[in-house]
Amino acid sequence: MPLLRTVLLRLIGTAITLFGVAVIVFVVIRVVPGNPIAMMLPPGATEADIARLEALYGFDKSIFEQFVIWLTGVVQGDFGTSISARQPVSHLVLNRLPATLELSMLALTIAVLAGGSMALLGTLYRDSKTEGLIDVTAGMALSIPDFLWGLVLILIFGVLWPVFHISGRISPSLNIDFTTNFYLIEALVRLRFDVVGDLIAHMFMPALALGIPLAAIISQLLKQSLKETMHLDYVTLARSKGYSERNVILREALPNAILPTLTLVGVQFTFLIGGTVIIERLFSYEGLGNMAIDAVINRDLPLIQGIVILFALLFTLINLAVDMLYTVLNPRLRHA
Amino acid sequence: MSSFLSIRNLNVKLAQGTPILRSVSLDVNAAQVHGLVGESGAGKSMIGKAVLGILPKALHITGGEIWLDGTDLLTLPPSERRKRIGAQAALIPQDPLTALNPSKRIGPQITRRLVDILGWSKADALDRALELLDEVHIPDPLRVMRNYPHELSGGMRQRILIASAFAAEPKLIIADEPTTALDATVQKQILRLIAQMQKRHGTALLFVTHDLGVVSKVCDSLSVLYAGKLVEQAQMRRFFMSPIHPYSAALLAATPTYADPTGSLTPVPQSVIDTVEQEVAQHDMRHQS
Ligand SMILES: Nc1ncnc2c1ncn2[C@@H]1O[C@H](COP(=O)(O)OP(=O)(O)OP(=O)(O)O)[C@@H](O)[C@H]1O
Ligand SMILES: [Mg+2]
């Protein structure tokens with residue numbers, strides 16, 4: 001029951017957070033200069049034309065009134081109509097969300113696998129040259145931001161050794177009709193491995209660019225945590241029982257060392273998702289982040305609002321998931 | 001009498017050359033209890049750790065032999081040494097609160113080594129664990145096997161660690177101050193339990209402590225350690241009647257039960273300290289290269 005209560009409290013907190021985010025975004029994008037309506041119309045449009053369209057989209061009302069109207073819609077699942085695409089915002093945004101989710105998850109997978117192996121290797125060979133090498137590698141990976149990694153990767157795998165696609169999500173020539181927008185998952189489920197290969201060839205570089213800094217963070221945090229755990233009595237006792245060092249690290253130390261790393265990885269993962277905005281642009285990947293940039297360029301206020309709210313919702317859900325995972329993995333909290 | 005564990009001229013140093021153990025030789029006979037006493041920092045724990053192959057990374061064995069059941073462990077390749085130690089020796093640790101893995105249930109912490117290292121079947125290991133938990137007077141062993149360590153008291157956890165140490169019927173058990181972390185009433189029970197278990201299972205026991213009173217109750221023989229150097233090794237009765245080394249005599253005098261029942265402690269006299277320090281220095285001179 002305590003778990004249920006925690007979840008409920010967190011959901012209420014989430015609602016409050018989202019409301020705050022909504023208010024801030026709503027106000028900020030209306031304060032910055034740039035008239036969305038004027039941008040929609042051809043250069044010769046008259047003042048009267050502009051005023052008519054503004055009234056149509058409700059921009060002639062006060063900010064407060066606009067907010068109330070918008071919020072009333074949102075509560076009913078209506079996020080308004082995109083000015084530039086002239087389609088419901090919810091429809092546009094939900095269409096793009098799967099692409100960004102798949103990219104982020106792939107990046108997270110890469111980061112966990114690469115960072116995790118580096119941490120384990122560094123612990124196995126701690127205080128040796130190997131650990132030093134891992135520290136230097138992680139330091140380099142961390143000191144370069146994700147979009148620069150994107151450029152570096154384009155140079156390597158797009159220009160010098162062109163094995164991956166540098167733009168888009170899928171090759172147009174591929175003959176497949178998707179029923180969902182989770183292309184990668186759907187292709188996997190339908191066992192269309194040719195399509196899976198093509199999708200990965202598109203996603204690999206952006207996912208790697210997003211994943212490299214997180215991999216570095218995971219490797220350093222987890223390694224530190226593992227090394228501290230390796231000094232604890234129960235690890236020494238396990239070692240005296242005849243287990244190999246590898247076994248001791250994986251089975252005795254890792255389950256305990258993961259816990260402190262987990263929370264920070266959750267926070268870092270939300271940063272990673274924030275990074276998709278630039279990375280998706282760089283690789284012309286048709287996700288939410290790329291759409292966000294277009295929305296800003298077009299001053300498409302309803303669309304910006306929708307995207308920001310969705311990102312905020314995503315972040316709070318991730319934090320909630322991490323907290324629950326922490327509780328599940330930690331027996332001391334599970335029974336408390 | 002055959003000695004099951006025989007340490008010969010064991011030298012352990014810190015990486016930068018500081019000696020931690022100075023040519024220690026020590027025997028533990030089969031099915032007997034050997035006490036290892038000395039003040040804090042003398043190197044008692046390091047002797048146990050050297051035998052079990054769990055010395056801290058900063059410490060290195062620079063010479064000597066560790067014979068376990070007729071084989072010099074230090075001549076074996078590491079993986080074989082590890083398995084042999086795992087099968088023939090076990091540790092009862094000092095602090096039961098930190099010696100159990102907090103994220104694992106009790107059951108697997110006892111049975112896993114039986115299955116993984118000794119190759120028992122899961123069912124056999126489970127039966128064995130239940131039997132041992134019963135033997136160390138744990139009520140409702142089936143339930144306790146499903147508990148996590150934090151759900152149990154310190155005394156319970158030390159009983160579990162004792163059960164776990166005896167589970168594989170090792171020929172040698174090293175108990176490193178197994179009662180110092182417990183409160184006084186529990187200490188006595190645990191001490192009695194270890195002594196009982198040792199007799200019943202016929203295990204050789206190396207009992208590390210700084211309490212001569214405890215040694216007099218459970219040990220057959222003992223070694224006195226000072227600054228990593230063995231000062232005296234003796235049979236129990238002989239030691240308590242007539243210790244040979246002045247440091248041993250001073251230790252004995254400092255133990256309330258034996259010197260002065262009112263409990264006023266006589267500190268080890270400076271002249272005695274000077275004598276042992278001199279011996280230690282002489283040893284280091286001889287072993288410099
Ligand atoms: N990890 C380590 N690195 C460096 N020196 C160490 C390390 N562990 C122990 N030592 C040193 O080894 C010496 C012996 O320590 P040990 O733990 O064996 O003493 P002890 O006799 O068991 O004392 P106590 O009664 O306090 O447990 C001490 O001087 C200690 O400073
Ligand atoms: Mg000690």
# chains A, B, ... in the order shown; residues from 1 in each chain; ligands from 1
$ closest_atom_pairs --of "chain B" --to "ligand 2" --cutoff "9 Å" --atoms "only C-alpha atoms and all ligand atoms" --output "Markdown table"
| residue | atom | partner | partner_atom_place_in_ligand_line | distance |
| --- | --- | --- | --- | --- |
| B:Ser40 | CA | ligand 2 | 1 (Mg) | 6.9 |
| B:Gly41 | CA | ligand 2 | 1 (Mg) | 7.0 |
| B:Ala42 | CA | ligand 2 | 1 (Mg) | 8.3 |
| B:Gly43 | CA | ligand 2 | 1 (Mg) | 7.0 |
| B:Lys44 | CA | ligand 2 | 1 (Mg) | 5.6 |
| B:Ser45 | CA | ligand 2 | 1 (Mg) | 4.1 |
| B:Met46 | CA | ligand 2 | 1 (Mg) | 7.3 |
| B:Gly48 | CA | ligand 2 | 1 (Mg) | 9.0 |
| B:Gln94 | CA | ligand 2 | 1 (Mg) | 8.0 |
| B:Asp176 | CA | ligand 2 | 1 (Mg) | 6.6 |
| B:Glu177 | CA | ligand 2 | 1 (Mg) | 7.0 |
| B:Val208 | CA | ligand 2 | 1 (Mg) | 7.7 |
| B:Thr209 | CA | ligand 2 | 1 (Mg) | 8.0 |
$ residues_around --residues "Ile160 in chain B" --least-positions-apart "5" --cutoff "8 Å" --atoms "only C-alpha atoms" --output "VMD selection string"
chain B and resid 133 136 138
$ interface_residues --of "chain B" --to "chain A" --cutoff "9 Å" --atoms "only C-alpha atoms" --output "ChimeraX atom specification"
/B:49,52-54,56,79,81-87,89-93,95,98-104,109,113,116-117,148,150-151
$ write_last_selection --atoms "N, CA and C atoms" --output "short mmCIF file (atom, residue, chain, number, x, y, z; two decimals), in the first residue's frame"
data_model
loop_
_atom_site.label_atom_id
_atom_site.label_comp_id
_atom_site.auth_asym_id
_atom_site.auth_seq_id
_atom_site.Cartn_x
_atom_site.Cartn_y
_atom_site.Cartn_z
N LYS B 49 43.47 -13.39 6.69
CA LYS B 49 43.18 -13.01 5.31
C LYS B 49 44.19 -13.60 4.34
N LEU B 52 43.18 -17.13 3.72
CA LEU B 52 41.98 -17.24 2.90
C LEU B 52 42.13 -16.58 1.53
N GLY B 53 43.29 -15.98 1.28
CA GLY B 53 43.51 -15.35 -0.03
C GLY B 53 42.70 -14.09 -0.23
N ILE B 54 42.41 -13.37 0.85
CA ILE B 54 41.61 -12.16 0.70
C ILE B 54 42.32 -10.94 1.28
N PRO B 56 43.93 -7.33 1.47
CA PRO B 56 43.64 -6.11 0.71
C PRO B 56 44.68 -5.94 -0.40
N SER B 79 43.45 -19.65 -9.55
CA SER B 79 42.07 -20.13 -9.59
C SER B 79 41.94 -21.42 -8.78
N ARG B 81 43.88 -22.28 -6.23
CA ARG B 81 44.04 -21.91 -4.83
C ARG B 81 42.69 -21.45 -4.27
N ARG B 82 42.03 -20.61 -5.08
CA ARG B 82 40.75 -20.06 -4.66
C ARG B 82 39.74 -21.17 -4.38
N LYS B 83 39.67 -22.13 -5.32
CA LYS B 83 38.68 -23.19 -5.16
C LYS B 83 39.01 -24.08 -3.97
N ARG B 84 40.30 -24.35 -3.78
CA ARG B 84 40.70 -25.20 -2.67
C ARG B 84 40.36 -24.53 -1.33
N ILE B 85 40.65 -23.24 -1.25
CA ILE B 85 40.32 -22.52 -0.01
C ILE B 85 38.82 -22.53 0.21
N GLY B 86 38.08 -22.27 -0.88
CA GLY B 86 36.62 -22.24 -0.78
C GLY B 86 36.04 -23.56 -0.29
N ALA B 87 36.71 -24.67 -0.68
CA ALA B 87 36.19 -25.98 -0.31
C ALA B 87 36.65 -26.40 1.08
N ALA B 89 38.21 -24.27 3.65
CA ALA B 89 38.28 -23.31 4.76
C ALA B 89 37.09 -22.37 4.69
N ALA B 90 36.77 -21.76 5.82
CA ALA B 90 35.67 -20.80 5.83
C ALA B 90 35.94 -19.74 6.89
N LEU B 91 35.27 -18.62 6.73
CA LEU B 91 35.49 -17.48 7.62
C LEU B 91 34.23 -17.17 8.41
N ILE B 92 34.39 -16.96 9.70
CA ILE B 92 33.32 -16.35 10.49
C ILE B 92 33.76 -14.92 10.74
N PRO B 93 33.09 -13.95 10.12
CA PRO B 93 33.59 -12.58 10.16
C PRO B 93 33.29 -11.87 11.46
N ASP B 95 31.96 -8.64 11.91
CA ASP B 95 30.78 -7.80 12.04
C ASP B 95 29.61 -8.40 11.24
N THR B 98 27.61 -6.26 8.55
CA THR B 98 28.09 -5.89 7.22
C THR B 98 28.52 -7.10 6.39
N ALA B 99 28.45 -8.29 6.98
CA ALA B 99 29.01 -9.46 6.30
C ALA B 99 27.99 -10.21 5.45
N LEU B 100 26.73 -9.78 5.50
CA LEU B 100 25.73 -10.40 4.63
C LEU B 100 25.34 -9.39 3.55
N ASN B 101 25.14 -9.91 2.35
CA ASN B 101 24.78 -9.04 1.23
C ASN B 101 23.37 -8.49 1.41
N PRO B 102 23.23 -7.15 1.51
CA PRO B 102 21.93 -6.57 1.85
C PRO B 102 20.86 -6.79 0.78
N SER B 103 21.26 -7.10 -0.45
CA SER B 103 20.24 -7.22 -1.49
C SER B 103 19.87 -8.67 -1.79
N LYS B 104 20.37 -9.59 -0.97
CA LYS B 104 20.06 -11.00 -1.24
C LYS B 104 19.39 -11.64 -0.03
N GLN B 109 22.38 -17.03 0.21
CA GLN B 109 23.70 -16.67 0.73
C GLN B 109 24.37 -17.85 1.42
N ARG B 113 27.26 -21.22 -2.38
CA ARG B 113 28.61 -21.78 -2.50
C ARG B 113 28.56 -23.31 -2.60
N ASP B 116 27.49 -23.77 -6.32
CA ASP B 116 28.42 -23.24 -7.33
C ASP B 116 29.84 -23.78 -7.18
N ILE B 117 30.34 -23.83 -5.95
CA ILE B 117 31.75 -24.19 -5.76
C ILE B 117 31.91 -25.69 -5.52
N TYR B 148 15.49 -10.98 4.31
CA TYR B 148 16.67 -10.20 3.94
C TYR B 148 17.44 -9.87 5.22
N HIS B 150 18.52 -7.24 6.64
CA HIS B 150 18.10 -6.12 7.50
C HIS B 150 16.89 -6.46 8.35
N GLU B 151 16.26 -7.59 8.06
CA GLU B 151 15.09 -7.97 8.85
C GLU B 151 15.47 -8.77 10.10
#
$ closest_residue --among "B:Val224, B:Val33, B:Val115, B:Ala165" --to "Lys199 in chain B" --atoms "only C-alpha atoms"
B:Val33
$ closest_residue --among "B:Pro246, B:Gly202, B:Pro178, B:Gly119" --to "ligand 1" --atoms "only C-alpha atoms and all ligand atoms"
B:Pro178
$ closest_residue --among "B:Leu74, B:Leu36, B:Leu182, B:Leu5" --to "ligand 1" --atoms "only C-alpha atoms and all ligand atoms"
B:Leu36
$ atom_distance --atom1 "CA of Leu155 in chain A" --atom2 "CA of Phe182 in chain A"
28.5 Å
$ decode --residues "range 175-210 of chain A" --atoms "N, CA and C atoms" --output "PDB file, in the first residue's frame"
ATOM      1  N   ASN A 175       9.848  -1.057 -49.029  1.00  0.00           N
ATOM      2  CA  ASN A 175       8.441  -1.326 -49.273  1.00  0.00           C
ATOM      3  C   ASN A 175       7.794  -1.918 -48.030  1.00  0.00           C
ATOM      4  N   ILE A 176       7.279  -1.051 -47.174  1.00  0.00           N
ATOM      5  CA  ILE A 176       6.587  -1.557 -45.987  1.00  0.00           C
ATOM      6  C   ILE A 176       5.574  -0.524 -45.521  1.00  0.00           C
ATOM      7  N   ASP A 177       4.381  -0.991 -45.158  1.00  0.00           N
ATOM      8  CA  ASP A 177       3.354  -0.106 -44.614  1.00  0.00           C
ATOM      9  C   ASP A 177       3.260  -0.358 -43.118  1.00  0.00           C
ATOM     10  N   PHE A 178       3.529   0.703 -42.348  1.00  0.00           N
ATOM     11  CA  PHE A 178       3.476   0.535 -40.894  1.00  0.00           C
ATOM     12  C   PHE A 178       2.079   0.825 -40.388  1.00  0.00           C
ATOM     13  N   THR A 179       1.629   0.078 -39.402  1.00  0.00           N
ATOM     14  CA  THR A 179       0.338   0.388 -38.782  1.00  0.00           C
ATOM     15  C   THR A 179       0.535   1.294 -37.573  1.00  0.00           C
ATOM     16  N   THR A 180       1.743   1.301 -36.982  1.00  0.00           N
ATOM     17  CA  THR A 180       2.025   2.226 -35.890  1.00  0.00           C
ATOM     18  C   THR A 180       3.187   3.107 -36.323  1.00  0.00           C
ATOM     19  N   ASN A 181       3.518   4.073 -35.473  1.00  0.00           N
ATOM     20  CA  ASN A 181       4.695   4.882 -35.772  1.00  0.00           C
ATOM     21  C   ASN A 181       5.927   4.399 -35.027  1.00  0.00           C
ATOM     22  N   PHE A 182       5.778   3.320 -34.278  1.00  0.00           N
ATOM     23  CA  PHE A 182       6.948   2.687 -33.663  1.00  0.00           C
ATOM     24  C   PHE A 182       7.589   1.780 -34.706  1.00  0.00           C
ATOM     25  N   TYR A 183       8.287   2.400 -35.661  1.00  0.00           N
ATOM     26  CA  TYR A 183       8.807   1.630 -36.798  1.00  0.00           C
ATOM     27  C   TYR A 183       9.706   0.489 -36.338  1.00  0.00           C
ATOM     28  N   LEU A 184      10.649   0.817 -35.457  1.00  0.00           N
ATOM     29  CA  LEU A 184      11.650  -0.177 -35.069  1.00  0.00           C
ATOM     30  C   LEU A 184      10.992  -1.364 -34.363  1.00  0.00           C
ATOM     31  N   ILE A 185      10.126  -1.039 -33.410  1.00  0.00           N
ATOM     32  CA  ILE A 185       9.468  -2.108 -32.660  1.00  0.00           C
ATOM     33  C   ILE A 185       8.581  -2.932 -33.585  1.00  0.00           C
ATOM     34  N   GLU A 186       7.852  -2.225 -34.445  1.00  0.00           N
ATOM     35  CA  GLU A 186       6.943  -2.949 -35.336  1.00  0.00           C
ATOM     36  C   GLU A 186       7.723  -3.852 -36.292  1.00  0.00           C
ATOM     37  N   ALA A 187       8.820  -3.331 -36.840  1.00  0.00           N
ATOM     38  CA  ALA A 187       9.629  -4.132 -37.759  1.00  0.00           C
ATOM     39  C   ALA A 187      10.187  -5.357 -37.045  1.00  0.00           C
ATOM     40  N   LEU A 188      10.568  -5.173 -35.788  1.00  0.00           N
ATOM     41  CA  LEU A 188      11.086  -6.303 -35.007  1.00  0.00           C
ATOM     42  C   LEU A 188       9.994  -7.348 -34.795  1.00  0.00           C
ATOM     43  N   VAL A 189       8.805  -6.869 -34.411  1.00  0.00           N
ATOM     44  CA  VAL A 189       7.710  -7.791 -34.142  1.00  0.00           C
ATOM     45  C   VAL A 189       7.316  -8.540 -35.416  1.00  0.00           C
ATOM     46  N   ARG A 190       7.343  -7.822 -36.542  1.00  0.00           N
ATOM     47  CA  ARG A 190       6.953  -8.474 -37.802  1.00  0.00           C
ATOM     48  C   ARG A 190       8.108  -9.234 -38.443  1.00  0.00           C
ATOM     49  N   LEU A 191       9.232  -9.288 -37.722  1.00  0.00           N
ATOM     50  CA  LEU A 191      10.416 -10.021 -38.188  1.00  0.00           C
ATOM     51  C   LEU A 191      10.911  -9.526 -39.547  1.00  0.00           C
ATOM     52  N   ARG A 192      10.711  -8.235 -39.829  1.00  0.00           N
ATOM     53  CA  ARG A 192      11.236  -7.675 -41.084  1.00  0.00           C
ATOM     54  C   ARG A 192      12.640  -7.153 -40.812  1.00  0.00           C
ATOM     55  N   PHE A 193      13.597  -8.069 -40.813  1.00  0.00           N
ATOM     56  CA  PHE A 193      14.934  -7.670 -40.380  1.00  0.00           C
ATOM     57  C   PHE A 193      15.640  -6.769 -41.379  1.00  0.00           C
ATOM     58  N   ASP A 194      15.202  -6.828 -42.679  1.00  0.00           N
ATOM     59  CA  ASP A 194      15.762  -5.882 -43.642  1.00  0.00           C
ATOM     60  C   ASP A 194      15.418  -4.455 -43.214  1.00  0.00           C
ATOM     61  N   VAL A 195      14.155  -4.293 -42.764  1.00  0.00           N
ATOM     62  CA  VAL A 195      13.709  -2.963 -42.328  1.00  0.00           C
ATOM     63  C   VAL A 195      14.416  -2.563 -41.031  1.00  0.00           C
ATOM     64  N   VAL A 196      14.538  -3.525 -40.126  1.00  0.00           N
ATOM     65  CA  VAL A 196      15.238  -3.247 -38.863  1.00  0.00           C
ATOM     66  C   VAL A 196      16.643  -2.734 -39.174  1.00  0.00           C
ATOM     67  N   GLY A 197      17.323  -3.436 -40.080  1.00  0.00           N
ATOM     68  CA  GLY A 197      18.679  -3.026 -40.461  1.00  0.00           C
ATOM     69  C   GLY A 197      18.709  -1.610 -40.990  1.00  0.00           C
ATOM     70  N   ASP A 198      17.743  -1.287 -41.862  1.00  0.00           N
ATOM     71  CA  ASP A 198      17.698   0.053 -42.446  1.00  0.00           C
ATOM     72  C   ASP A 198      17.425   1.114 -41.382  1.00  0.00           C
ATOM     73  N   LEU A 199      16.484   0.808 -40.469  1.00  0.00           N
ATOM     74  CA  LEU A 199      16.164   1.760 -39.397  1.00  0.00           C
ATOM     75  C   LEU A 199      17.385   2.001 -38.517  1.00  0.00           C
ATOM     76  N   ILE A 200      18.057   0.908 -38.151  1.00  0.00           N
ATOM     77  CA  ILE A 200      19.240   1.046 -37.291  1.00  0.00           C
ATOM     78  C   ILE A 200      20.325   1.853 -38.005  1.00  0.00           C
ATOM     79  N   ALA A 201      20.483   1.596 -39.308  1.00  0.00           N
ATOM     80  CA  ALA A 201      21.494   2.338 -40.063  1.00  0.00           C
ATOM     81  C   ALA A 201      21.201   3.835 -40.050  1.00  0.00           C
ATOM     82  N   HIS A 202      19.924   4.194 -39.928  1.00  0.00           N
ATOM     83  CA  HIS A 202      19.564   5.611 -39.814  1.00  0.00           C
ATOM     84  C   HIS A 202      19.730   6.135 -38.388  1.00  0.00           C
ATOM     85  N   MET A 203      19.353   5.286 -37.418  1.00  0.00           N
ATOM     86  CA  MET A 203      19.312   5.756 -36.030  1.00  0.00           C
ATOM     87  C   MET A 203      20.666   5.678 -35.339  1.00  0.00           C
ATOM     88  N   PHE A 204      21.565   4.870 -35.910  1.00  0.00           N
ATOM     89  CA  PHE A 204      22.780   4.562 -35.163  1.00  0.00           C
ATOM     90  C   PHE A 204      23.573   5.811 -34.772  1.00  0.00           C
ATOM     91  N   MET A 205      23.846   6.671 -35.753  1.00  0.00           N
ATOM     92  CA  MET A 205      24.679   7.848 -35.443  1.00  0.00           C
ATOM     93  C   MET A 205      24.014   8.816 -34.473  1.00  0.00           C
ATOM     94  N   PRO A 206      22.744   9.217 -34.733  1.00  0.00           N
ATOM     95  CA  PRO A 206      22.139  10.105 -33.727  1.00  0.00           C
ATOM     96  C   PRO A 206      22.048   9.466 -32.336  1.00  0.00           C
ATOM     97  N   ALA A 207      21.741   8.167 -32.297  1.00  0.00           N
ATOM     98  CA  ALA A 207      21.641   7.506 -30.988  1.00  0.00           C
ATOM     99  C   ALA A 207      23.003   7.468 -30.305  1.00  0.00           C
ATOM    100  N   LEU A 208      24.041   7.220 -31.103  1.00  0.00           N
ATOM    101  CA  LEU A 208      25.382   7.163 -30.526  1.00  0.00           C
ATOM    102  C   LEU A 208      25.787   8.544 -29.995  1.00  0.00           C
ATOM    103  N   ALA A 209      25.490   9.573 -30.791  1.00  0.00           N
ATOM    104  CA  ALA A 209      25.837  10.932 -30.362  1.00  0.00           C
ATOM    105  C   ALA A 209      25.152  11.273 -29.041  1.00  0.00           C
ATOM    106  N   LEU A 210      23.889  10.859 -28.919  1.00  0.00           N
ATOM    107  CA  LEU A 210      23.156  11.121 -27.675  1.00  0.00           C
ATOM    108  C   LEU A 210      23.677  10.249 -26.535  1.00  0.00           C
TER     109      LEU A 210
END
